[in-house]
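Accompanying notes for the structure given below.
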Amino acid sequence: MDLKEKLLSSFLVFENKVDIDSPIHDVRNEAIKVFEEKGFPSKKEEAWKYTSLNKILKEDYSLFPKQENAIEYKDVKKYFIHDIDSYKIVFIDGKYSSHLSETTHDGIDVCLMSVALSKPKYSLIIKNYFNKAATTDSLPALNTAFAQEGAYIHIPKNKVVDKPIQIINFSTGNEAATMLQPRNLVVAEENSQVQIIERHQSLTENAVLTNSVTEIFADNRAIVDYYKIQNDHNNASLIDNTFIKQKRESIASVHTFSFGGKLTRNNLNYYQNGERIDSILKGVTILGDKQHVDHNTLVHHIEPNCESHQDYKGIFGDSATGVFNGKIIVEKEAQKTNAFQSNNNILISDKAAINTKPQLEIFADDVKCSHGCTIGQLDESAMFYMRSRGIPEKEAKALLMYAFSNNVLNSVKIPEVKQRITKIIANKLGVNIGFDL
Amino acid sequence: MSKYTEDDLREELKTKEYEYGFYTDIESETFPNGLNEDIVRAISKKKEEPQWMTDWRLEAFKVWKDMVEPEWANVRYEKPDFQGISYYSAPNSKPKYDSLDEVDPELLATFEKLGISLDEQKKLTGVAMDVVVDSVSVATTFKKTLAEQGIIFMSISEAIKEHPELVKKYIGTVVPQKDNFYAALNSAVFSDGSFCYIPKGVKCPMELSTYFRINQAGTGQFERTLVIADEGSYVSYLEGCTAPSRDENQLHAAVVELIALEDAEIKYSTVQNWFPGNAEGKGGVYNFVTKRGLCEKNAKISWTQVETGSAVTWKYPSCVLKGDNSVGEFYSIAVTNNYQQADTGTKMIHLGKNTKSTIISKGISAGKSQNSYRGLVQINSRAENARNFSQCDSLLMGNECGAHTFPYIEAKNKSAKIEHEATTSKIGEDQIFYCNQRGIDTEKAIALIVNGFSKEVLNKLPMEFAVEAQKLLEISLEGSVG
């Protein structure tokens, strides 16, 4: 039985198990119909031209973990940004782990989707926001159909969250192959501020497929910072669907750091519903082995006087492949838009490949839009300069690559996250130098 | 002095009718509408073609029958009814003319109106022309001069008869019959076109030029051009066209194949000004063209195009850089106005080592038009040290038009260096103000800015053509260019 059939048949079981009177009962049913009709995307679709899901769909994934698994904090401490105080929402094989988490209802809501879906006090927010940003593409629809658990974050008006929030999804690999579908909702009301760090981590080499959906709503003048750290095992695949709806004068930024995983697909969609909005999309990708990362971004400029800034850097070694597909749409009404997009890549191996497709679709005349895209190598004269001063080749290369991605790192607002990323980069490049230059 | 604003310009652009819209009534020999194997055979027979050519056409027709029209382009139009088109029409098929006097005077008048009087061309410009009116070559000039150098420049139907070995060897090698829907259709029914062969080491002494024109109501033109530059040779080839105003949509599906052998260089320039439809978007030519060139070692192919006409354009002049050190270039200006739609760009396929390509594309959209750049730069794994530079700039006039960019960049070699840059902007008020301040009126200022914007491409056109290109830009953006 292929994965699609399996998912369709287990939907009924799933529906009976969760509360049938749930307010999103109809939404789920609608979504499964969409998925049934569309199925998994194939390479024939323009948006999936360079990424094939065939290989990862072959595994026989178990959809609902059979048993609860506990893990000790000391074993997984390294996956947390542990040197700062933070709220934590931790899931193990899709189930909430209360002893690893630290949630709150004190002024803000940092808790669970399952709670938000079942308790009446959240029903208004769920009604107004749940599935209101996600598209009806097949994979987000599939997630919606099985939406049950994930992080629920609600920041009321004028509230600045005192510490970052970490959302971590562990998979224990107790079963040969697991499919996870976390569903996160972030609602930041007027003038509020929040920082979120998200990570998906498998603890064994067993196959994992995560199809995650995150919906983020930034109301007037809200500031949302979102960091995605992707450094998983070579058998773990991630399809991340993030949808951000912004209102007037809000600032939303998403930093995506992709350093591992078998196949990672980041669908990142921004919709600007108001004036003077700023949208920031940044990413660093450093890949080796046979890893594959596909960044698929959309910035939809709907109203005037908004800005968007995209900056994606990629370094590809071994047989890794990278895809960047960035789309900017500027509607007729969105005059005075400033939209920038840049994608720089370095290929360091003959078997590595990069496919990039920066797209502009512009219907307004008074705009400044540009995109730039380069593919190149490390600067040989810079290498020579360093080597002639006694810096070994490996370290010299690492320094250059670090410098290459520095633009993106510099805009990270949490110092500890930046430190962690630089450590991962050093690790990835196999060098032992502190990058605090 | 009354102020001439962009709105005035837009207004003028909207109401500007196609200047060259006239229709010459020549007794045409036209096939019944529709397409089947018999029609393909009949075309082939009409052209007195050898059996291999007939078979080649039939093969293409077989493939075409099973193909579907491509829909990926960013254009919307009513699909042509392929059974509602006549696939062959020839102006009064007399034997070849010896002098201009024998040519139908009405036809000559057509040329006169278009400003390309043959004898004037002969005397003044030094351009040899192979004039095509509705698919049959009417007059060929300067043939003798060219023949002295061993250059073959004739219609493709003549070439099939006179140089079958060359045609057989090269036709379909760059654009195979089954390449795409329109290429297959063209392969099956092409009526005429140009053939050019430059022998080894010969530098063609003059610019070769062809004018294409659609002239008979309800006929589509299916031109086939084949240019072969043998080792170490050089040729500059010009192609230009304007078509009479017509209500019904006309289909133009041409195929151009360029072959540059070792150390050869081909420069192919196009000025395209088919009827774009009237201000309501009615009528106009569908231009679905497949153009591709193949570069052997050290060879160079350079495409330059000025696209101002057609209701729908679907055109991607491409270079296959097969040989080491080969160079591909693409320079384009695409102007769309009213309801015109253009989806154009290029493909640079890097196969050989040290191959280089440059893409400069300028899009100007006005009225309610849609202008798209779609390009592919592909560096294959064996293409060491490949280099590409692309630049796509769009200029928007008014907020009812659109500019789109769809660049595909695929690199499979670590030594590849690729740069791509795209910008979109409008004519800045400060730029106009600057000019006004210095006594340049707004109309002239816009002309200046548009000219400056497209200069990089206009500069690449051969002298003879640059003038005409400028003229066509003027017609398309009348009121802005002084």
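Labels used: A, B, ... for chains in the order of the structure tokens, numbers from 1 for residues in each chain, and numbers from 1 for ligands as shown.
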
Go through region 127-367 of chain B and collect every residue that DSSP, computed from the backbone, puts in strand (DSSP E or B); the answer should be as a PyMOL selection string. chain B and resi 128-133+136-140+152-155+192+194-198+203+208-213+219+221+223-229+234-242+250-252+255-260+265-273+285-295+300-307+312-315+318-321+327-336+341-344+347-350+356-365

When you get a sec, could you note down which chain B residues fall within 6 Å of chain A, using only C-alpha atoms, as a PyMOL selection string? chain B and resi 396+398-399+401-414+416-426

Considering only C-alpha atoms, state which residue in the set B:Cys392, B:Ile151, B:Ala466, B:Leu58 is at the smallest distance from Val202 (chain B).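 Closest residue, counting only C-alpha atoms: B:Ile151.
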
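Reported to one decimal place, the separation of CA of Val256 (chain B) from CA of Ile171 (chain B) is 10.0 Å.
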
May I have all residues of region 111-334 of chain A that DSSP, computed from the backbone, assigns to alpha helix (DSSP H), given as an MDAnalysis selection string? chainID A and resid 113:118 123:129 138:145

For CA of Asn273 (chain B) and CA of Val377 (chain B), quote the distance in Å rounded to one decimal.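 Computing it gives 27.5 Å between the two atoms.
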
May I have the residues within 7 Å of region 320-330 of chain B as a PDB file with C-alpha atoms, in the first residue's frame, using only C-alpha atoms and disregarding those fewer than 3 positions away in the same chain?
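selection.pdb was written with the following content:
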```
ATOM      1  CA  GLY B 293      22.330  27.575 -32.666  1.00  0.00           C
ATOM      2  CA  LEU B 294      25.044  25.003 -32.232  1.00  0.00           C
ATOM      3  CA  CYS B 295      28.618  26.067 -31.520  1.00  0.00           C
ATOM      4  CA  GLU B 296      31.535  23.780 -32.230  1.00  0.00           C
ATOM      5  CA  LYS B 297      35.039  24.419 -30.883  1.00  0.00           C
ATOM      6  CA  ASN B 298      36.007  28.113 -30.609  1.00  0.00           C
ATOM      7  CA  ALA B 299      32.833  29.103 -32.418  1.00  0.00           C
ATOM      8  CA  LYS B 300      30.599  32.013 -31.529  1.00  0.00           C
ATOM      9  CA  ILE B 301      26.928  32.653 -32.022  1.00  0.00           C
ATOM     10  CA  SER B 302      25.373  35.957 -31.199  1.00  0.00           C
ATOM     11  CA  TRP B 303      21.620  36.574 -31.223  1.00  0.00           C
ATOM     12  CA  THR B 304      20.341  40.124 -31.252  1.00  0.00           C
ATOM     13  CA  MET B 348      22.487  28.797 -22.899  1.00  0.00           C
ATOM     14  CA  ILE B 349      23.522  25.169 -22.670  1.00  0.00           C
ATOM     15  CA  HIS B 350      27.158  24.879 -21.657  1.00  0.00           C
ATOM     16  CA  LEU B 351      28.619  21.514 -22.645  1.00  0.00           C
ATOM     17  CA  GLY B 352      32.227  22.289 -23.581  1.00  0.00           C
ATOM     18  CA  LYS B 353      35.091  23.563 -21.470  1.00  0.00           C
ATOM     19  CA  ASN B 354      35.781  27.287 -21.089  1.00  0.00           C
ATOM     20  CA  THR B 355      32.475  28.179 -22.659  1.00  0.00           C
ATOM     21  CA  LYS B 356      31.128  31.660 -22.139  1.00  0.00           C
ATOM     22  CA  SER B 357      27.719  33.190 -22.453  1.00  0.00           C
ATOM     23  CA  THR B 358      26.287  36.653 -22.040  1.00  0.00           C
ATOM     24  CA  ILE B 359      22.629  37.528 -21.761  1.00  0.00           C
ATOM     25  CA  ILE B 360      21.373  41.093 -21.862  1.00  0.00           C
TER      26      ILE B 360
END
```

Please provide as a VMD selection string all residues within 7 Å of Lys291 (chain B), with the sequence filter that same-chain residues fewer than 6 positions apart are discarded (counting only C-alpha atoms). chain B and resid 255 to 257 316 to 318

Contact residues around region 405-422 of chain A with only C-alpha atoms at 9 Å, ignoring same-chain residues under 6 positions, as a count of residues only: 23

Write out as number ranges by chain each polymer residue whose atoms come within 8 Å of Leu180 (chain A), counting only C-alpha atoms; drop sequence neighbours fewer than 4 positions from it. A: 63, 93-94, 208-212
